[in-house]
file entry.txt (compact mmCIF, C-alpha atoms and all ligand atoms)
# COMPACT_ATOMS: atom_id res chain seq x y z
CA MET A 200 0.95 -10.10 29.60
CA VAL A 201 0.96 -12.15 26.45
CA ALA A 202 4.29 -12.42 24.65
CA PRO A 203 4.45 -10.37 21.45
CA VAL A 204 3.61 -12.43 18.38
CA LYS A 205 5.55 -12.50 15.15
CA LEU A 206 2.52 -12.45 12.87
CA LEU A 207 -1.13 -11.58 13.47
CA VAL A 208 -3.37 -12.76 10.60
CA ILE A 209 -6.82 -11.14 10.33
CA VAL A 210 -9.21 -12.70 7.81
CA PRO A 211 -12.96 -13.20 7.44
CA HIS A 212 -13.18 -16.89 6.54
CA PRO A 213 -11.80 -20.23 7.67
CA ASP A 214 -9.32 -21.23 4.88
CA ASP A 215 -8.22 -17.61 4.20
CA GLU A 216 -5.30 -18.26 6.55
CA VAL A 217 -3.73 -21.18 4.71
CA PHE A 218 -3.61 -20.71 0.91
CA GLY A 219 -1.66 -17.47 1.00
CA SER A 220 0.32 -17.74 4.21
CA GLY A 221 0.34 -21.34 5.46
CA GLY A 222 4.01 -21.75 4.53
CA THR A 223 4.98 -18.46 6.15
CA LEU A 224 3.13 -19.48 9.32
CA LEU A 225 4.90 -22.86 9.30
CA ASP A 226 8.22 -21.07 8.85
CA PHE A 227 7.67 -18.69 11.78
CA LEU A 228 6.16 -21.38 14.03
CA SER A 229 9.01 -23.79 13.31
CA HIS A 230 11.38 -21.09 14.57
CA ASN A 231 9.38 -20.97 17.80
CA GLU A 232 7.84 -17.61 16.98
CA PRO A 233 4.22 -17.38 18.16
CA CYS A 234 1.49 -16.27 15.78
CA ALA A 235 -2.13 -15.23 16.20
CA LEU A 236 -5.19 -15.55 13.97
CA LEU A 237 -8.52 -13.74 14.01
CA THR A 238 -11.24 -15.42 11.93
CA LEU A 239 -14.20 -13.05 11.74
CA THR A 240 -16.91 -15.45 10.45
CA THR A 241 -17.59 -19.16 10.67
CA GLY A 242 -17.72 -19.39 6.88
CA ASP A 243 -21.30 -20.64 7.02
CA ALA A 244 -22.17 -19.12 3.64
CA GLY A 245 -19.49 -21.19 1.90
CA ARG A 246 -19.94 -24.26 -0.25
CA ASN A 247 -21.12 -27.34 1.60
CA LEU A 248 -20.81 -29.91 -1.22
CA GLY A 249 -23.81 -31.72 0.22
CA LEU A 250 -21.83 -32.53 3.38
CA CYS A 251 -24.43 -30.87 5.59
CA GLU A 252 -27.96 -29.49 5.49
CA THR A 253 -27.96 -26.20 7.38
CA ARG A 254 -25.75 -23.18 7.87
CA GLU A 255 -25.32 -24.21 11.51
CA GLU A 256 -24.01 -27.61 10.47
CA LEU A 257 -21.65 -26.02 7.97
CA ALA A 258 -20.39 -23.60 10.65
CA ALA A 259 -19.65 -26.52 12.98
CA LEU A 260 -17.94 -28.47 10.21
CA ARG A 261 -15.78 -25.51 9.23
CA ARG A 262 -14.82 -24.86 12.85
CA GLN A 263 -13.51 -28.42 13.03
CA GLU A 264 -11.75 -28.10 9.67
CA LEU A 265 -10.03 -24.92 10.83
CA ALA A 266 -9.03 -26.55 14.12
CA ASP A 267 -7.52 -29.44 12.15
CA CYS A 268 -5.73 -26.99 9.85
CA LEU A 269 -4.24 -25.03 12.75
CA ASP A 270 -3.24 -28.27 14.45
CA THR A 271 -1.49 -29.36 11.24
CA LEU A 272 0.33 -26.02 11.04
CA GLY A 273 1.47 -26.53 14.64
CA PHE A 274 -0.24 -23.26 15.35
CA LEU A 275 -1.16 -23.70 18.99
CA ARG A 276 1.96 -25.62 19.98
CA HIS A 277 3.54 -22.38 21.09
CA PRO A 278 1.81 -21.22 24.29
CA ALA A 279 1.82 -17.60 23.12
CA SER A 280 0.01 -18.40 19.86
CA ALA A 281 -3.73 -17.77 19.80
CA HIS A 282 -6.80 -18.18 17.64
CA GLU A 283 -9.91 -16.04 18.05
CA GLN A 284 -13.03 -17.23 16.23
CA TYR A 285 -15.88 -14.76 15.73
CA THR A 286 -19.36 -15.29 14.32
CA PHE A 287 -20.03 -12.18 12.27
CA PRO A 288 -22.26 -13.07 9.31
CA ASP A 289 -20.39 -14.64 6.42
CA GLY A 290 -20.99 -12.40 3.40
CA ASP A 291 -21.97 -9.36 5.45
CA VAL A 292 -18.83 -8.36 7.33
CA ALA A 293 -19.14 -4.81 5.97
CA ALA A 294 -22.32 -4.23 7.98
CA HIS A 295 -20.49 -4.92 11.26
CA LEU A 296 -17.37 -2.80 11.07
CA ARG A 297 -18.45 -0.77 14.10
CA ASP A 298 -18.39 -3.94 16.24
CA ILE A 299 -15.27 -5.37 14.61
CA THR A 300 -13.11 -2.25 14.97
CA PRO A 301 -12.61 -2.53 18.77
CA LEU A 302 -11.83 -6.25 18.47
CA ILE A 303 -9.05 -5.51 15.98
CA HIS A 304 -7.76 -2.70 18.15
CA ASP A 305 -7.71 -5.01 21.18
CA ALA A 306 -5.88 -7.69 19.19
CA PHE A 307 -3.15 -5.17 18.27
CA GLU A 308 -2.84 -4.30 21.98
CA THR A 309 -2.97 -7.88 23.25
CA TYR A 310 -0.63 -9.54 20.81
CA GLN A 311 1.74 -6.64 20.07
CA PRO A 312 2.43 -8.19 16.65
CA GLU A 313 5.60 -7.47 14.74
CA ILE A 314 3.59 -7.94 11.52
CA VAL A 315 -0.14 -7.82 10.74
CA LEU A 316 -1.35 -9.65 7.63
CA THR A 317 -4.71 -9.13 5.97
CA PHE A 318 -6.31 -8.67 2.56
CA PRO A 319 -5.35 -5.82 0.19
CA PRO A 320 -7.79 -3.03 -0.84
CA ASP A 321 -9.22 -5.13 -3.70
CA GLY A 322 -9.74 -8.10 -1.39
CA LEU A 323 -7.46 -10.11 -3.73
CA ASN A 324 -10.56 -11.34 -5.59
CA GLY A 325 -13.09 -8.60 -4.89
CA HIS A 326 -14.94 -10.63 -2.23
CA PRO A 327 -16.86 -8.05 -0.15
CA ASP A 328 -15.83 -9.67 3.15
CA HIS A 329 -12.16 -9.52 2.11
CA VAL A 330 -12.52 -5.85 1.13
CA ALA A 331 -14.34 -5.00 4.38
CA THR A 332 -11.70 -6.80 6.45
CA HIS A 333 -9.00 -4.81 4.69
CA GLN A 334 -10.83 -1.58 5.43
CA VAL A 335 -11.25 -2.21 9.14
CA VAL A 336 -7.68 -3.43 9.70
CA LYS A 337 -6.23 -0.52 7.73
CA ALA A 338 -8.37 1.99 9.65
CA VAL A 339 -7.18 0.63 13.01
CA TRP A 340 -3.57 0.63 11.80
CA ASP A 341 -3.87 4.19 10.44
CA ALA A 342 -5.25 5.38 13.78
CA LEU A 343 -2.12 4.25 15.66
CA PRO A 344 0.77 6.65 16.15
CA PRO A 345 3.30 5.84 13.39
CA ASP A 346 5.92 4.67 15.89
CA ARG A 347 3.49 2.13 17.36
CA ARG A 348 2.32 0.60 14.11
CA PRO A 349 3.25 -3.00 13.36
CA ARG A 350 4.48 -3.80 9.89
CA LEU A 351 1.47 -4.26 7.62
CA TRP A 352 1.39 -6.97 4.98
CA TYR A 353 -1.32 -7.80 2.46
CA TYR A 354 -1.89 -10.96 0.51
CA ALA A 355 -0.78 -10.29 -3.06
CA LEU A 356 -0.83 -11.99 -6.46
CA GLN A 357 1.71 -11.61 -9.25
CA VAL A 358 0.37 -9.49 -12.09
CA GLU A 359 1.15 -12.21 -14.64
CA TRP A 360 -1.18 -14.62 -12.81
CA LEU A 361 -4.16 -12.33 -13.31
CA GLY A 362 -6.24 -11.54 -16.38
CA THR A 363 -7.66 -8.20 -15.31
CA LEU A 364 -6.57 -6.13 -12.34
CA LEU A 365 -9.21 -4.97 -9.88
CA PRO A 366 -9.25 -1.34 -8.69
CA GLY A 367 -6.90 -1.08 -5.73
CA TYR A 368 -4.65 -3.90 -6.93
CA LEU A 369 -1.24 -3.88 -5.23
CA PRO A 370 1.66 -5.91 -6.60
CA PRO A 371 3.82 -8.09 -4.35
CA ASN A 372 7.01 -6.51 -3.03
CA ARG A 373 8.17 -9.57 -1.11
CA VAL A 374 7.95 -13.28 -1.87
CA HIS A 375 8.58 -16.02 0.68
CA ASP A 376 10.03 -19.26 -0.60
CA VAL A 377 8.18 -21.78 1.56
CA SER A 378 9.08 -24.84 -0.48
CA ALA A 379 10.73 -26.37 2.60
CA PHE A 380 7.27 -26.52 4.20
CA VAL A 381 5.20 -27.59 1.21
CA THR A 382 4.22 -31.02 2.50
CA GLN A 383 2.76 -29.67 5.72
CA LYS A 384 1.19 -26.72 3.92
CA LEU A 385 -0.62 -29.02 1.48
CA ARG A 386 -1.77 -31.20 4.35
CA ALA A 387 -3.10 -28.12 6.17
CA MET A 388 -4.86 -26.88 3.01
CA GLY A 389 -6.48 -30.29 2.66
CA CYS A 390 -8.06 -29.94 6.11
CA HIS A 391 -10.63 -27.54 4.61
CA ARG A 392 -12.41 -30.46 2.96
CA SER A 393 -15.76 -28.74 2.55
CA GLN A 394 -14.04 -26.05 0.45
CA GLY A 395 -12.58 -28.59 -1.97
CA ILE A 396 -13.73 -26.72 -5.07
CA THR A 397 -12.17 -23.47 -3.88
CA LEU A 398 -9.02 -25.40 -3.08
CA ALA A 399 -8.95 -26.99 -6.53
CA ASN A 400 -9.58 -23.64 -8.24
CA THR A 401 -6.79 -22.02 -6.24
CA LEU A 402 -4.35 -24.79 -7.11
CA ARG A 403 -5.31 -24.57 -10.78
CA ARG A 404 -5.05 -20.78 -11.03
CA PHE A 405 -2.11 -20.10 -8.72
CA PRO A 406 0.02 -23.24 -8.38
CA GLU A 407 3.14 -21.11 -7.83
CA ARG A 408 1.57 -19.79 -4.64
CA VAL A 409 1.93 -23.21 -3.01
CA THR A 410 5.71 -22.85 -2.78
CA HIS A 411 6.17 -19.08 -3.07
CA GLU A 412 3.90 -16.82 -1.02
CA PRO A 413 3.78 -13.23 -2.31
CA PHE A 414 2.89 -10.30 -0.06
CA HIS A 415 2.61 -6.56 -0.41
CA GLU A 416 4.22 -4.79 2.53
CA VAL A 417 2.90 -1.28 3.13
CA LEU A 418 6.01 0.90 3.11
CA PRO A 419 6.31 4.47 4.35
CA ASP A 420 5.34 6.98 1.70
CA PRO A 421 8.63 8.68 0.71
CA ARG A 422 6.68 11.87 -0.05
CA SER A 423 5.48 12.21 3.55
CA GLY A 424 7.40 13.09 6.71
ZN ZN B 501 -12.23 -15.63 2.16
call {"tool": "encode", "arguments": {"input": "entry.txt", "output": "structure tokens"}}
result
Amino acid sequence: MVAPVKLLVIVPHPDDEVFGSGGTLLDFLSHNEPCALLTLTTGDAGRNLGLCETREELAALRRQELADCLDTLGFLRHPASAHEQYTFPDGDVAAHLRDITPLIHDAFETYQPEIVLTFPPDGLNGHPDHVATHQVVKAVWDALPPDRRPRLWYYALQVEWLGTLLPGYLPPNRVHDVSAFVTQKLRAMGCHRSQGITLANTLRRFPERVTHEPFHEVLPDPRSG
């Protein structure tokens, strides 16, 4: 029996785990609370900046970058923490929801997370893999009896950071001040070297998110029950 984890993060791509929640992970891990991560693709459709020739080489590079990132976060220091890497096609997660659904269900059972974190309905930026990941996690969560559901958090962006809001946008209703962990978070972000342009764009658009990580927690609908 694996010890229950504090936070289970479910995302499609290597690097999705660190920009929005690296500080929160560092916070939990530093308090000796185990965390788990499911990465659904190897990110082999991402930018390669000329660092490699083929999708296979990029997949291998990004695996190493993610391992370095998790090492920097101290992710696997706690014996109950875990990382599961899958190889669903980057860019086509939506075509594999039938295969992904049982994996997510098993992860809920195995890790008994207090909190599950994934993308919001709009994928934060509309990326189809982000949207599909939201859909599959939400469907598994909805299928659980209400008293067995973990808390459900989504990545979120402040409305004033955005020009136009995508359909399904959800505003943050909690913000974690992770400024105490900013040095390690930046170091972990920097591990995703092949995604340097994405990293630079994220820092340029959302610098506040380095020190303050906003989330949308799904709260019980007061009209139901
Ligand atoms: Zn992503």
call {"tool": "residues_around", "arguments": {"input": "entry.txt", "residues": "Asp226 in chain A", "least_positions_apart": "5", "cutoff": "12 Å", "atoms": "all atoms listed in the file", "output": "PyMOL selection string"}}
result
chain A and resi 205-206+220-221+231-234+272-274+375-381+383-384+412
call {"tool": "residues_near_ligand", "arguments": {"input": "entry.txt", "ligand": "ligand ZN 501 (chain B)", "cutoff": "7 Å", "atoms": "only C-alpha atoms and all ligand atoms", "output": "list in words"}}
result
Pro211, His212, Asp214, Asp215 and His329 of chain A
call {"tool": "atom_distance", "arguments": {"input": "entry.txt", "atom1": "CA of Val204 in chain A", "atom2": "CA of Ser280 in chain A"}}
result
7.1 Å
call {"tool": "residues_near_point", "arguments": {"input": "entry.txt", "point": "(-14.7, -8.1, -7.9)", "cutoff": "12 Å", "atoms": "all atoms listed in the file", "output": "list in words"}}
result
Pro320, Asp321, Gly322, Leu323, Asn324, Gly325, His326, Pro327, Asp328, His329, Val330, Thr363, Leu364, Leu365, Pro366, Gly367 and Tyr368 of chain A
call {"tool": "closest_residue", "arguments": {"input": "entry.txt", "among": "A:Gln394, A:Gln284, A:Thr238, A:Gln357", "to": "His411 in chain A", "atoms": "all atoms listed in the file"}}
result
A:Gln357
call {"tool": "closest_atom_pairs", "arguments": {"input": "entry.txt", "of": "range 279-354 of chain A", "to": "range 247-264 of chain A", "cutoff": "12 Å", "atoms": "all atoms listed in the file", "output": "JSON lines"}}
result
{"residue": "A:His282", "atom": "CA", "partner": "A:Arg262", "partner_atom": "CA", "distance": 11.5}
{"residue": "A:Glu283", "atom": "CA", "partner": "A:Arg262", "partner_atom": "CA", "distance": 11.4}
{"residue": "A:Gln284", "atom": "CA", "partner": "A:Arg262", "partner_atom": "CA", "distance": 8.5}
{"residue": "A:Tyr285", "atom": "CA", "partner": "A:Arg262", "partner_atom": "CA", "distance": 10.6}
{"residue": "A:Thr286", "atom": "CA", "partner": "A:Ala258", "partner_atom": "CA", "distance": 9.1}
{"residue": "A:Phe287", "atom": "CA", "partner": "A:Ala258", "partner_atom": "CA", "distance": 11.5}
{"residue": "A:Pro288", "atom": "CA", "partner": "A:Ala258", "partner_atom": "CA", "distance": 10.8}
{"residue": "A:Asp289", "atom": "CA", "partner": "A:Ala258", "partner_atom": "CA", "distance": 9.9}
call {"tool": "write_last_selection", "arguments": {"input": "entry.txt", "atoms": "C-alpha atoms", "output": "short mmCIF file (atom, residue, chain, number, x, y, z; two decimals), in the coordinates of the input"}}
result
data_model
loop_
_atom_site.label_atom_id
_atom_site.label_comp_id
_atom_site.auth_asym_id
_atom_site.auth_seq_id
_atom_site.Cartn_x
_atom_site.Cartn_y
_atom_site.Cartn_z
CA HIS A 282 -6.80 -18.18 17.64
CA GLU A 283 -9.91 -16.04 18.05
CA GLN A 284 -13.03 -17.23 16.23
CA TYR A 285 -15.88 -14.76 15.73
CA THR A 286 -19.36 -15.29 14.32
CA PHE A 287 -20.03 -12.18 12.27
CA PRO A 288 -22.26 -13.07 9.31
CA ASP A 289 -20.39 -14.64 6.42
#
call {"tool": "atom_distance", "arguments": {"input": "entry.txt", "atom1": "CA of Val210 in chain A", "atom2": "CA of Thr309 in chain A"}}
result
17.3 Å
call {"tool": "residues_near_point", "arguments": {"input": "entry.txt", "point": "(1.8, -13.9, 18.3)", "cutoff": "12 Å", "atoms": "all atoms listed in the file", "output": "MDAnalysis selection string"}}
result
chainID A and resid 200:208 224 227:228 231:237 274:283 306:316
call {"tool": "atom_distance", "arguments": {"input": "entry.txt", "atom1": "CA of Leu302 in chain A", "atom2": "CA of Gly242 in chain A"}}
result
18.5 Å
call {"tool": "build_atoms", "arguments": {"input": "entry.txt", "residues": "range 376-404 of chain A", "atoms": "N, CA and C atoms", "output": "short mmCIF file (atom, residue, chain, number, x, y, z; two decimals), in the coordinates of the input"}}
result
data_model
loop_
_atom_site.label_atom_id
_atom_site.label_comp_id
_atom_site.auth_asym_id
_atom_site.auth_seq_id
_atom_site.Cartn_x
_atom_site.Cartn_y
_atom_site.Cartn_z
N ASP A 376 9.85 -17.89 -0.11
CA ASP A 376 10.03 -19.26 -0.60
C ASP A 376 9.73 -20.20 0.56
N VAL A 377 8.59 -20.88 0.47
CA VAL A 377 8.18 -21.78 1.56
C VAL A 377 8.23 -23.24 1.10
N SER A 378 9.05 -23.48 0.07
CA SER A 378 9.08 -24.84 -0.48
C SER A 378 9.53 -25.87 0.55
N ALA A 379 10.30 -25.43 1.56
CA ALA A 379 10.73 -26.37 2.60
C ALA A 379 9.55 -26.89 3.43
N PHE A 380 8.41 -26.18 3.35
CA PHE A 380 7.27 -26.52 4.20
C PHE A 380 6.08 -27.03 3.38
N VAL A 381 6.33 -27.37 2.12
CA VAL A 381 5.20 -27.59 1.21
C VAL A 381 4.36 -28.80 1.61
N THR A 382 5.00 -29.83 2.14
CA THR A 382 4.22 -31.02 2.50
C THR A 382 3.21 -30.69 3.59
N GLN A 383 3.68 -30.02 4.63
CA GLN A 383 2.76 -29.67 5.72
C GLN A 383 1.74 -28.63 5.28
N LYS A 384 2.16 -27.73 4.40
CA LYS A 384 1.19 -26.72 3.92
C LYS A 384 0.06 -27.39 3.14
N LEU A 385 0.41 -28.31 2.25
CA LEU A 385 -0.62 -29.02 1.48
C LEU A 385 -1.54 -29.81 2.40
N ARG A 386 -0.95 -30.43 3.41
CA ARG A 386 -1.77 -31.20 4.35
C ARG A 386 -2.74 -30.25 5.08
N ALA A 387 -2.25 -29.09 5.47
CA ALA A 387 -3.10 -28.12 6.17
C ALA A 387 -4.20 -27.60 5.24
N MET A 388 -3.85 -27.32 3.98
CA MET A 388 -4.86 -26.88 3.01
C MET A 388 -5.95 -27.93 2.88
N GLY A 389 -5.54 -29.18 2.84
CA GLY A 389 -6.48 -30.29 2.66
C GLY A 389 -7.44 -30.46 3.82
N CYS A 390 -7.15 -29.84 4.96
CA CYS A 390 -8.06 -29.94 6.11
C CYS A 390 -9.39 -29.25 5.83
N HIS A 391 -9.39 -28.27 4.92
CA HIS A 391 -10.63 -27.54 4.61
C HIS A 391 -11.41 -28.32 3.55
N ARG A 392 -11.81 -29.53 3.92
CA ARG A 392 -12.41 -30.46 2.96
C ARG A 392 -13.67 -29.91 2.31
N SER A 393 -14.49 -29.23 3.09
CA SER A 393 -15.76 -28.74 2.55
C SER A 393 -15.54 -27.68 1.47
N GLN A 394 -14.34 -27.10 1.44
CA GLN A 394 -14.04 -26.05 0.45
C GLN A 394 -13.18 -26.62 -0.68
N GLY A 395 -13.41 -27.89 -0.99
CA GLY A 395 -12.58 -28.59 -1.97
C GLY A 395 -12.56 -27.94 -3.35
N ILE A 396 -13.69 -27.34 -3.75
CA ILE A 396 -13.73 -26.72 -5.07
C ILE A 396 -12.88 -25.44 -5.08
N THR A 397 -13.00 -24.67 -4.01
CA THR A 397 -12.17 -23.47 -3.88
C THR A 397 -10.69 -23.86 -3.88
N LEU A 398 -10.39 -24.91 -3.15
CA LEU A 398 -9.02 -25.40 -3.08
C LEU A 398 -8.52 -25.80 -4.46
N ALA A 399 -9.34 -26.55 -5.19
CA ALA A 399 -8.95 -26.99 -6.53
C ALA A 399 -8.77 -25.79 -7.46
N ASN A 400 -9.68 -24.84 -7.38
CA ASN A 400 -9.58 -23.64 -8.24
C ASN A 400 -8.31 -22.86 -7.93
N THR A 401 -7.99 -22.76 -6.65
CA THR A 401 -6.79 -22.02 -6.24
C THR A 401 -5.54 -22.73 -6.76
N LEU A 402 -5.51 -24.04 -6.63
CA LEU A 402 -4.35 -24.79 -7.11
C LEU A 402 -4.21 -24.67 -8.62
N ARG A 403 -5.35 -24.63 -9.32
CA ARG A 403 -5.31 -24.57 -10.78
C ARG A 403 -4.88 -23.18 -11.27
N ARG A 404 -5.36 -22.15 -10.57
CA ARG A 404 -5.05 -20.78 -11.03
C ARG A 404 -3.68 -20.30 -10.56
#
